[in-house]
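**Q** Below you will find the structure I want to go over with you.
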Amino acid sequence: MDQLKRAAELLAEYPVVDGHNDLPWALREQVGYDLDARDIATDQSAHLHTDIPRLRAGGVGAQFWSVYVQSDMAGDEAVSATLEQIDVVTELLDRYPADLRRALTADDMETARTEGRIASLMGAEGGHSINNSLGTLRALHALGVRYMTLTHNDNIAWADSATDEPGVGGLSPFGHEVVREMNRTGMLVDLSHVAATTMRDALDTSTAPVIFSHSSARAICDHPRNIPDDVLGRLPANGGIAMATFVPKFVLPAAVAWTLAADENMSAHGLHHLDTTAQAMKIHAAFEAANPRPMATVATIADHLDHMREVAGIDHIGIGGDYDGTAFLPEGLQDVAGYPNLIAELLGRSWSTADLAKLTWQNAVRVLRDAEDVARELSTHRAPSHATIEQLDDRAG
């Protein structure tokens with residue numbers, strides 16, 4: 001049987017749980033949340049990596065929508081922007097009920113799969129979104145956020161980022177308390193974007209499974225956004241999951257230097273390197289025409305997954321594409337319709353149906369369910385924490 005046909009059949013039964021999609025931010029940046037201008041029930045390939053027809057074609061059964069806000073936002077501005085991101089996800093769910101189903105639990109994910117709808121969860125990207133407030137963390141959970149990435153590209157007061165200079169050396173005492181409170185509420189601790197020191201500190205503290213919503217293997221591509229082998233090797237004991245991302249500069253060594261130059265070109269034009277507006281994409285296209293970029297492929301991602309399976313084990317890997325959060329993507333994975341190409345590649349590498357079912361669906365659902373179990377147990381003897389960063393990190397009020 002043709003590998004693509006086999007992939008489609010597998011995804012019909014065990015669809016992809018994708019760990020990270022930045023559609024909400026793209027909607028904010030491109031059209032100010034005007035969903036009539038970006039009706040994702042129709043083909044949006046001229047503007048976005050994501051729309052409902054392509055999610056269906058890609059065999060996506062559950063999506064963690066990132067409610068990301070830029071890490072140069074701070075304080076109440078960051079909290080307000082995060083709430084606006086949550087609001088647009090809610091609007092999407094209300095607008096497309098036949099295709100998208102709000103999911104808060106693992107059971108909700110399974111119900112959506114049974115109904116043939118796409119389970120829609122939310123993940124906050126960066127601890128700046130809570131403005132050093134455990135009460136705000138709990139409020140985000142109450143609004144449906146089911147993971148928080150501890151940092152984005154910049155350090156925060158209580159955690160070090162992978163792409164910033166060392167600050168507190170991993171997690172500060174308040175950072176450890178954030179992890180404990182996330183465990184108590186059932187919010188998954190996401191370690192994408194964080195420094196390796198932060199990864200290790202979080203694993204030392206967390207009693208629930210952690211996730212990497214969109215990170216690949218550092219042994220294959222030596223980029224600080226990727227996961228070192230010693231950390232991958234700790235996932236079985238923790239129960240967590242590492243979800244491989246598709247961003248070329250994180251997966252293909254030759255793309256690292258090229259992307260740095262492309263980002264500098266964006267800065268020279270006064271634009272953020274994550275900007276996906278029409279103006280920004282024209283500048284990207286012009287740069288690429290003059291400087292052909294090294295191309296990652298489906299095989300590049302499969303190489304990462306092969307390694308991650310070898311080190312962490314088949315029960316601890318998944319997929320987090322980072323669609324609509326990056327300007328460039330591998331050949332064969334240019335949009336959310338591309339997942340069958342990846343599954344076909346893995347079938348060609350003798351991955352079994354049972355292994356692929358874990359990769360696409362079962363591992364992610366199990367991790368959320370396990371986090372729910374931990375939260376249920378912790379709630380019997382741990383009250384909500386009202387600790388402050390000033391108290392725990394010995395700072396002047």
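Naming scheme: A, B, ... for chains in displayed order of the structure tokens; residues 1 onward per chain; ligands 1 onward as shown.
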Could you list, as number ranges by chain, every residue within 8 Å of Gln63 (chain A), counting only C-alpha atoms and ignoring same-chain residues fewer than 2 positions away?
**A** A: 17-21, 60-61, 65, 118-121
**Q** Using N, CA, C and O atoms, can you export the residues from the last selection as a PDB file, in the first residue's frame?
**A**
```pdb
ATOM      1  N   VAL A  17      -2.226  15.351  17.578  1.00  0.00           N
ATOM      2  CA  VAL A  17      -2.328  16.394  18.599  1.00  0.00           C
ATOM      3  C   VAL A  17      -1.117  17.294  18.385  1.00  0.00           C
ATOM      4  O   VAL A  17       0.012  16.884  18.637  1.00  0.00           O
ATOM      5  N   ASP A  18      -1.358  18.482  17.890  1.00  0.00           N
ATOM      6  CA  ASP A  18      -0.244  19.393  17.648  1.00  0.00           C
ATOM      7  C   ASP A  18      -0.063  20.307  18.859  1.00  0.00           C
ATOM      8  O   ASP A  18      -1.017  20.929  19.337  1.00  0.00           O
ATOM      9  N   GLY A  19       1.170  20.406  19.332  1.00  0.00           N
ATOM     10  CA  GLY A  19       1.438  21.099  20.581  1.00  0.00           C
ATOM     11  C   GLY A  19       1.466  22.608  20.506  1.00  0.00           C
ATOM     12  O   GLY A  19       1.395  23.269  21.547  1.00  0.00           O
ATOM     13  N   HIS A  20       1.542  23.180  19.279  1.00  0.00           N
ATOM     14  CA  HIS A  20       1.753  24.635  19.242  1.00  0.00           C
ATOM     15  C   HIS A  20       1.419  25.192  17.876  1.00  0.00           C
ATOM     16  O   HIS A  20       2.037  24.836  16.875  1.00  0.00           O
ATOM     17  N   ASN A  21       0.437  26.104  17.837  1.00  0.00           N
ATOM     18  CA  ASN A  21       0.073  26.807  16.612  1.00  0.00           C
ATOM     19  C   ASN A  21      -0.207  28.259  16.980  1.00  0.00           C
ATOM     20  O   ASN A  21      -0.997  28.544  17.888  1.00  0.00           O
ATOM     21  N   VAL A  60      -5.361  16.615  11.584  1.00  0.00           N
ATOM     22  CA  VAL A  60      -5.201  17.191  12.917  1.00  0.00           C
ATOM     23  C   VAL A  60      -6.486  16.953  13.706  1.00  0.00           C
ATOM     24  O   VAL A  60      -7.570  17.342  13.282  1.00  0.00           O
ATOM     25  N   GLY A  61      -6.340  16.313  14.868  1.00  0.00           N
ATOM     26  CA  GLY A  61      -7.499  16.018  15.705  1.00  0.00           C
ATOM     27  C   GLY A  61      -7.549  16.831  16.978  1.00  0.00           C
ATOM     28  O   GLY A  61      -8.594  16.890  17.635  1.00  0.00           O
ATOM     29  N   TRP A  65      -3.778  25.831  20.742  1.00  0.00           N
ATOM     30  CA  TRP A  65      -3.627  27.168  20.172  1.00  0.00           C
ATOM     31  C   TRP A  65      -2.798  28.003  21.136  1.00  0.00           C
ATOM     32  O   TRP A  65      -3.142  28.145  22.306  1.00  0.00           O
ATOM     33  N   ILE A 118     -12.189  18.944  15.931  1.00  0.00           N
ATOM     34  CA  ILE A 118     -10.811  19.212  16.332  1.00  0.00           C
ATOM     35  C   ILE A 118     -10.825  19.770  17.751  1.00  0.00           C
ATOM     36  O   ILE A 118     -11.348  20.864  17.999  1.00  0.00           O
ATOM     37  N   ALA A 119     -10.295  18.985  18.692  1.00  0.00           N
ATOM     38  CA  ALA A 119     -10.207  19.431  20.078  1.00  0.00           C
ATOM     39  C   ALA A 119      -9.313  20.655  20.142  1.00  0.00           C
ATOM     40  O   ALA A 119      -8.187  20.648  19.639  1.00  0.00           O
ATOM     41  N   SER A 120      -9.808  21.713  20.763  1.00  0.00           N
ATOM     42  CA  SER A 120      -9.077  22.979  20.803  1.00  0.00           C
ATOM     43  C   SER A 120      -8.739  23.341  22.233  1.00  0.00           C
ATOM     44  O   SER A 120      -9.629  23.575  23.060  1.00  0.00           O
ATOM     45  N   LEU A 121      -7.437  23.343  22.519  1.00  0.00           N
ATOM     46  CA  LEU A 121      -6.916  23.699  23.824  1.00  0.00           C
ATOM     47  C   LEU A 121      -6.079  24.956  23.670  1.00  0.00           C
ATOM     48  O   LEU A 121      -5.775  25.390  22.555  1.00  0.00           O
TER      49      LEU A 121
END
```
**Q** Within 12 Å of Thr353 (chain A), counting only C-alpha atoms, which residues qualify if same-chain residues fewer than 4 places away don't, as a PyMOL selection string?
**A** chain A and resi 3+6-11+13-14+314+343-344+346-349+357-362
**Q** Would you mind writing down, as a PyMOL selection string, each residue of region 289-326 of chain A that DSSP on the backbone assigns to alpha helix (DSSP H)?
**A** chain A and resi 289-290+298-312
**Q** Identify, on the basis of only C-alpha atoms, every residue whose closest approach to Val374 (chain A) does not exceed 9 Å; exclude the query and any residue fewer than 6 positions from it along the same chain; express the result as a list in words.
**A**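 Those residues are Asn183, Arg184, Thr185, Gly186, Thr207, Ala208 and Pro209 of chain A.
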**Q** Using DSSP assignments from the backbone, pull out every residue in region 91-212 of chain A that falls under strand (DSSP E) and give it to me as a ChimeraX atom specification.
**A** /A:100-102,118-125,145-149,188-190,210-212
**Q** Go ahead and dump the residues you just picked, N, CA, C and O atoms, as a CSV table (one decimal), in the first residue's frame.
**A**
```
chain,number,residue,atom,x,y,z
A,100,LEU,N,-14.5,22.8,15.4
A,100,LEU,CA,-13.7,23.0,16.5
A,100,LEU,C,-14.5,22.8,17.8
A,100,LEU,O,-15.6,23.3,17.9
A,101,ARG,N,-13.9,22.0,18.8
A,101,ARG,CA,-14.6,21.8,20.0
A,101,ARG,C,-13.7,22.2,21.2
A,101,ARG,O,-12.5,21.8,21.2
A,102,ARG,N,-14.2,23.0,22.1
A,102,ARG,CA,-13.4,23.4,23.2
A,102,ARG,C,-13.0,22.2,24.1
A,102,ARG,O,-13.9,21.3,24.3
A,118,ILE,N,-12.2,18.9,15.9
A,118,ILE,CA,-10.8,19.2,16.3
A,118,ILE,C,-10.8,19.8,17.8
A,118,ILE,O,-11.3,20.9,18.0
A,119,ALA,N,-10.3,19.0,18.7
A,119,ALA,CA,-10.2,19.4,20.1
A,119,ALA,C,-9.3,20.7,20.1
A,119,ALA,O,-8.2,20.6,19.6
A,120,SER,N,-9.8,21.7,20.8
A,120,SER,CA,-9.1,23.0,20.8
A,120,SER,C,-8.7,23.3,22.2
A,120,SER,O,-9.6,23.6,23.1
A,121,LEU,N,-7.4,23.3,22.5
A,121,LEU,CA,-6.9,23.7,23.8
A,121,LEU,C,-6.1,25.0,23.7
A,121,LEU,O,-5.8,25.4,22.6
A,122,MET,N,-5.7,25.6,24.8
A,122,MET,CA,-4.9,26.8,24.7
A,122,MET,C,-3.6,26.6,25.6
A,122,MET,O,-3.6,25.9,26.6
A,123,GLY,N,-2.5,27.2,25.1
A,123,GLY,CA,-1.3,27.2,25.8
A,123,GLY,C,-0.7,28.7,25.8
A,123,GLY,O,-0.6,29.3,24.8
A,124,ALA,N,-0.4,29.2,27.0
A,124,ALA,CA,0.2,30.5,27.1
A,124,ALA,C,1.7,30.3,26.9
A,124,ALA,O,2.3,29.3,27.3
A,125,GLU,N,2.3,31.3,26.2
A,125,GLU,CA,3.7,31.1,25.8
A,125,GLU,C,4.5,32.2,26.4
A,125,GLU,O,4.7,33.3,25.9
A,145,VAL,N,-6.7,27.8,29.8
A,145,VAL,CA,-5.3,27.6,29.4
A,145,VAL,C,-4.7,26.4,30.1
A,145,VAL,O,-4.8,26.2,31.3
A,146,ARG,N,-4.2,25.4,29.3
A,146,ARG,CA,-3.8,24.1,29.8
A,146,ARG,C,-2.3,23.9,29.8
A,146,ARG,O,-1.8,22.9,30.3
A,147,TYR,N,-1.5,24.8,29.2
A,147,TYR,CA,-0.1,24.8,29.5
A,147,TYR,C,0.4,26.2,29.5
A,147,TYR,O,-0.2,27.1,29.0
A,148,MET,N,1.6,26.4,30.2
A,148,MET,CA,2.3,27.7,30.1
A,148,MET,C,3.8,27.4,29.9
A,148,MET,O,4.4,26.6,30.6
A,149,THR,N,4.3,28.0,28.8
A,149,THR,CA,5.7,27.9,28.5
A,149,THR,C,6.4,28.9,29.5
A,149,THR,O,5.9,30.1,29.6
A,188,LEU,N,-0.1,22.2,32.5
A,188,LEU,CA,1.1,21.6,32.1
A,188,LEU,C,2.3,22.6,32.1
A,188,LEU,O,2.1,23.7,31.6
A,189,VAL,N,3.4,22.2,32.6
A,189,VAL,CA,4.6,23.0,32.6
A,189,VAL,C,5.3,22.7,31.2
A,189,VAL,O,5.8,21.6,30.9
A,190,ASP,N,5.4,23.8,30.4
A,190,ASP,CA,6.0,23.7,29.1
A,190,ASP,C,7.4,24.2,29.1
A,190,ASP,O,7.6,25.4,29.5
A,210,VAL,N,5.9,17.0,32.4
A,210,VAL,CA,6.1,18.3,31.7
A,210,VAL,C,5.9,18.0,30.2
A,210,VAL,O,5.9,16.9,29.7
A,211,ILE,N,5.8,19.1,29.5
A,211,ILE,CA,5.9,19.0,28.0
A,211,ILE,C,6.9,19.9,27.4
A,211,ILE,O,7.3,20.9,28.1
A,212,PHE,N,7.3,19.6,26.2
A,212,PHE,CA,8.0,20.6,25.3
A,212,PHE,C,7.1,20.7,24.2
A,212,PHE,O,7.0,19.8,23.3
```
**Q** With only C-alpha atoms as the basis for distance, which of A:Val256, A:Gln391, A:Ala299, A:Thr277 is at the shortest distance from Val31 (chain A)?
**A**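 When distances to Val31 (chain A) are compared using only C-alpha atoms, the smallest one comes from A:Thr277.
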**Q** Please compute the CA of Asn341 (chain A)-CA of Phe250 (chain A) distance, one decimal, in Å.
**A**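 Those two atoms sit 19.5 Å apart.
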**Q** Report as a list in words all protein, DNA and RNA residues lying within 7 Å of region 37-50 of chain A, evaluated on only C-alpha atoms, omitting residues in the same chain fewer than 3 positions from it.
**A**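 My reading of the contact set: Leu23, Val31, Asp34, Pro53, Arg54, Leu55, Tyr323, Asp324, Asp335 and Val336 of chain A.
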**Q** Just the selected residues (C-alpha atoms), exported as a PDB file, in the first residue's frame, please.
**A**
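In the end it all went to part-v5.pdb:
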```pdb
ATOM      1  CA  LEU A  23      -2.787  31.344  14.561  1.00  0.00           C
ATOM      2  CA  VAL A  31      -6.143  41.782  10.716  1.00  0.00           C
ATOM      3  CA  ASP A  34     -11.169  40.597  12.155  1.00  0.00           C
ATOM      4  CA  PRO A  53      -9.811  22.628   5.322  1.00  0.00           C
ATOM      5  CA  ARG A  54      -6.048  22.160   5.673  1.00  0.00           C
ATOM      6  CA  LEU A  55      -6.339  21.032   9.306  1.00  0.00           C
ATOM      7  CA  TYR A 323       2.664  26.903  12.303  1.00  0.00           C
ATOM      8  CA  ASP A 324       1.890  30.602  11.861  1.00  0.00           C
ATOM      9  CA  ASP A 335       1.321  24.156   6.201  1.00  0.00           C
ATOM     10  CA  VAL A 336      -0.920  22.142   8.493  1.00  0.00           C
TER      11      VAL A 336
END
```
**Q** Please, what distance in Å, to one decimal, runs between CA of His214 (chain A) and CA of Thr245 (chain A)?
**A** 4.6 Å
**Q** Return as CSV the residues of region 137-184 of chain A lying at most 9 Å from region 215-229 of chain A, together with the closest atom-to-atom pair for each and the distance in Å to one decimal, counting only C-alpha atoms, with rows in chain order and ascending residue number.
**A**
```
residue,atom,partner,partner_atom,distance
A:Ser161,CA,A:Arg225,CA,8.9
A:Ala162,CA,A:Pro224,CA,5.4
A:Thr163,CA,A:Pro224,CA,6.6
```
**Q** Write out, as a JSON list (two decimals), in the first residue's frame, the residues just selected, with N, CA, C and O atoms.
**A**
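Writing done, so here's out-v9.json:
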```
[["chain", "number", "residue", "atom", "x", "y", "z"],
["A", 161, "SER", "N", 15.67, 32.03, 29.93],
["A", 161, "SER", "CA", 15.32, 31.60, 28.58],
["A", 161, "SER", "C", 16.52, 30.98, 27.88],
["A", 161, "SER", "O", 17.68, 31.31, 28.19],
["A", 162, "ALA", "N", 16.24, 30.13, 26.91],
["A", 162, "ALA", "CA", 17.31, 29.50, 26.12],
["A", 162, "ALA", "C", 18.08, 30.52, 25.29],
["A", 162, "ALA", "O", 19.24, 30.28, 24.94],
["A", 163, "THR", "N", 17.44, 31.63, 24.93],
["A", 163, "THR", "CA", 18.03, 32.57, 23.97],
["A", 163, "THR", "C", 18.34, 33.92, 24.62],
["A", 163, "THR", "O", 18.30, 34.95, 23.96]]
```
**Q** So, counting only C-alpha atoms, which residue among A:Met182, A:Met187, A:Ala371, A:Leu274 is closest to Gly240 (chain A)?
**A**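 Using only C-alpha atoms, the shortest distance to Gly240 (chain A) belongs to A:Ala371.
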**Q** In terms of the shortest atom-to-atom distance over only C-alpha atoms, which of A:Ile241, A:Ile301, A:Ala278, A:Ala81 is closest to Asp370 (chain A)?
**A**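 Ranking A:Ile241, A:Ile301, A:Ala278, A:Ala81 by distance to Asp370 (chain A), first place goes to A:Ile241.
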**Q** Using only C-alpha atoms, which residues sit within 6 Å of Leu342 (chain A) once same-chain residues fewer than 3 positions away are excluded, as a PyMOL selection string?
**A** chain A and resi 298+339+345
**Q** Measuring atom to atom with only C-alpha atoms, identify which of A:Pro294, A:Gly126, A:Gly59, A:Pro166 is nearest to Ala78 (chain A).
**A**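 Looking only at the distances to Ala78 (chain A), the closest residue turns out to be A:Gly126.
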